[in-house]
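The block underneath contains the structure these notes are about, expressed in C-alpha cells.
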Amino acid sequence: MIDVNGKVVMISGANRGIGLAIARSLYKAGYSLSLGSRNISSLENLIENSSDDRILNCHFDAMDKSTHTEWVTHTIDKFNKIDCLINNAGIVESVSVEDEEDNEDALDRMWTVNVKAPLSLTRLTLPYLKKSGSGRVVNVASLAGKAVYGSSVGYSMTKFAAVALSHATRHGGWDHGVRCTALCPGYVATDMTSEVESVSIDSMISPDDLAELVRTVISLSNTASIAELIVNCRPDIIA
C-alpha cells in the first residue's frame, strides 16, 4: 500500500452520485482533492468537516476543452502536484442501431463526455502522474463497456472505448509507475438510473461500495495493478 499523505486526486463529476461518494471516501482517508463540476457552486459544502486547504473546487465542462486545461492549471497552482485522476463524469442517452441520422447529436455528446474528455484530462495530467512515481488513473466505465444488452448501442460504444482508453493509459504510463483501472459497474443507485424499471433502487450497487473499491485500488503498490474491476448487482455473465 502507498502512503496517501499529501496525495492529490482530481475527480470529475464530483458533485453527486459515484463522484461524490468517491470524494467523501478519499477525503476521509486523508487525500487532498481537486473537484470538478460544470456548476462549481454545486461542489460547496459537500464534505462534512472539510478543511479548505485540502479541497479545491473547479469549473469543469467535458464539452469545453478550455476548462480541462484550466482545471489542471488551478490544481497545480494550489497543490503543485497531481497523483491521481478519476474520470467519473459521464452521460447516457438512447441511441440504438436502428436510429436515423437525426440522433447523431446524442451520440456525439456521449463520445465527447464519456471518451474524449477523459482522454483530454489523461493527456494533460500524465506528465504529473509520471512525476509522482505512483500515479493512478481510474476511468469509471460501465458493465455496458464489457457487454451489450439489447440494441441501445451508443452508450456501450463509448464505454467500450473508455475501457480501451484505460488499457492504453496503463501501457503508456507503466514504466513511470502510472497504473490505470477501468471500473465497470452494473446498475448503480444514482440519478442516472432513477428511471430504470428492471432493477429496483434497493437492489442496485451503492455508490459508497464503489468508492471503497476506488480507495483500495489507488492505494495499492505499483506491483499490484488491477486493469479492470467488474462490479454487478445481478448474476450476469460477462463473456
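Residue numbering restarts at 1 for every chain of the C-alpha cells, chains are lettered A, B, ... in their displayed order, and ligands are numbered from 1 as they appear.
Contact shell of stretch 143-160 of chain A at 7 Å (only C-alpha atoms; same-chain neighbours under 2 positions omitted): Val92, Glu93, Ser94, Val95, Ser96, Val97, Leu107, Met110, Trp111, Asn114, Val115, Ala141, Ala162, Val163, Ala164, Cys184, Pro185, Gly186, Ile230 and Ile238 of chain A.
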All strand (DSSP E or B) residues (DSSP, backbone) inside stretch 87-194 of chain A, as an mmCIF file with C-alpha atoms, in the first residue's frame:
data_model
loop_
_atom_site.group_PDB
_atom_site.id
_atom_site.type_symbol
_atom_site.label_atom_id
_atom_site.label_comp_id
_atom_site.auth_asym_id
_atom_site.auth_seq_id
_atom_site.Cartn_x
_atom_site.Cartn_y
_atom_site.Cartn_z
ATOM 1 C CA ASN A 87 -12.556 10.270 -14.776
ATOM 2 C CA SER A 96 -29.903 2.321 -30.949
ATOM 3 C CA ARG A 136 -3.122 6.453 -10.603
ATOM 4 C CA VAL A 137 -5.988 6.769 -13.091
ATOM 5 C CA VAL A 138 -9.467 5.339 -12.613
ATOM 6 C CA ASN A 139 -11.907 5.539 -15.506
ATOM 7 C CA VAL A 140 -15.481 4.989 -14.400
ATOM 8 C CA SER A 152 -29.010 0.509 -27.268
ATOM 9 C CA ARG A 179 -1.386 2.405 -13.051
ATOM 10 C CA CYS A 180 -4.869 2.629 -14.572
ATOM 11 C CA THR A 181 -8.080 0.815 -13.719
ATOM 12 C CA ALA A 182 -11.326 0.605 -15.671
ATOM 13 C CA LEU A 183 -14.168 0.462 -13.155
ATOM 14 C CA CYS A 184 -17.113 -1.356 -14.759
ATOM 15 C CA PRO A 185 -20.203 -1.360 -12.533
ATOM 16 C CA VAL A 188 -25.700 1.928 -9.529
#
Practice prompt. Excluding A:Cys58 and any residue of its chain fewer than 2 positions from it, enumerate the residues within 12 Å of it, using only C-alpha atoms, and give them as a PyMOL selection string.
Written response: chain A and resi 10-15+33-44+55-56+60-61+67-75+78
Discussion item. What's around A:Arg234 at 10 Å? Count only C-alpha atoms, leave out sequence neighbours fewer than 4 positions away in its own chain, and write the answer as a ChimeraX atom specification.
Written reply: /A:186-187,199,203-205
Write out as a tab-separated table (two decimals) with C-alpha atoms, in the first residue's frame the set of residues from stretch 33-81 of chain A that DSSP, computed on the backbone, places in alpha helix (DSSP H).
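Done, and the output landed in out_14.tsv:
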chain	number	residue	atom	x	y	z
A	65	LYS	CA	-11.67	21.70	-23.57
A	66	SER	CA	-10.53	25.06	-22.27
A	67	THR	CA	-11.94	24.13	-18.86
A	68	HIS	CA	-9.86	20.93	-18.88
A	69	THR	CA	-6.64	22.91	-19.13
A	70	GLU	CA	-7.81	25.49	-16.60
A	71	TRP	CA	-8.73	22.81	-14.09
A	72	VAL	CA	-5.31	21.15	-14.30
A	73	THR	CA	-3.59	24.55	-14.07
A	74	HIS	CA	-5.58	25.53	-10.97
A	75	THR	CA	-4.80	22.17	-9.38
A	76	ILE	CA	-1.06	22.56	-9.93
A	77	ASP	CA	-1.17	26.17	-8.73
A	78	LYS	CA	-2.71	25.08	-5.42
A	79	PHE	CA	-1.11	21.69	-4.75
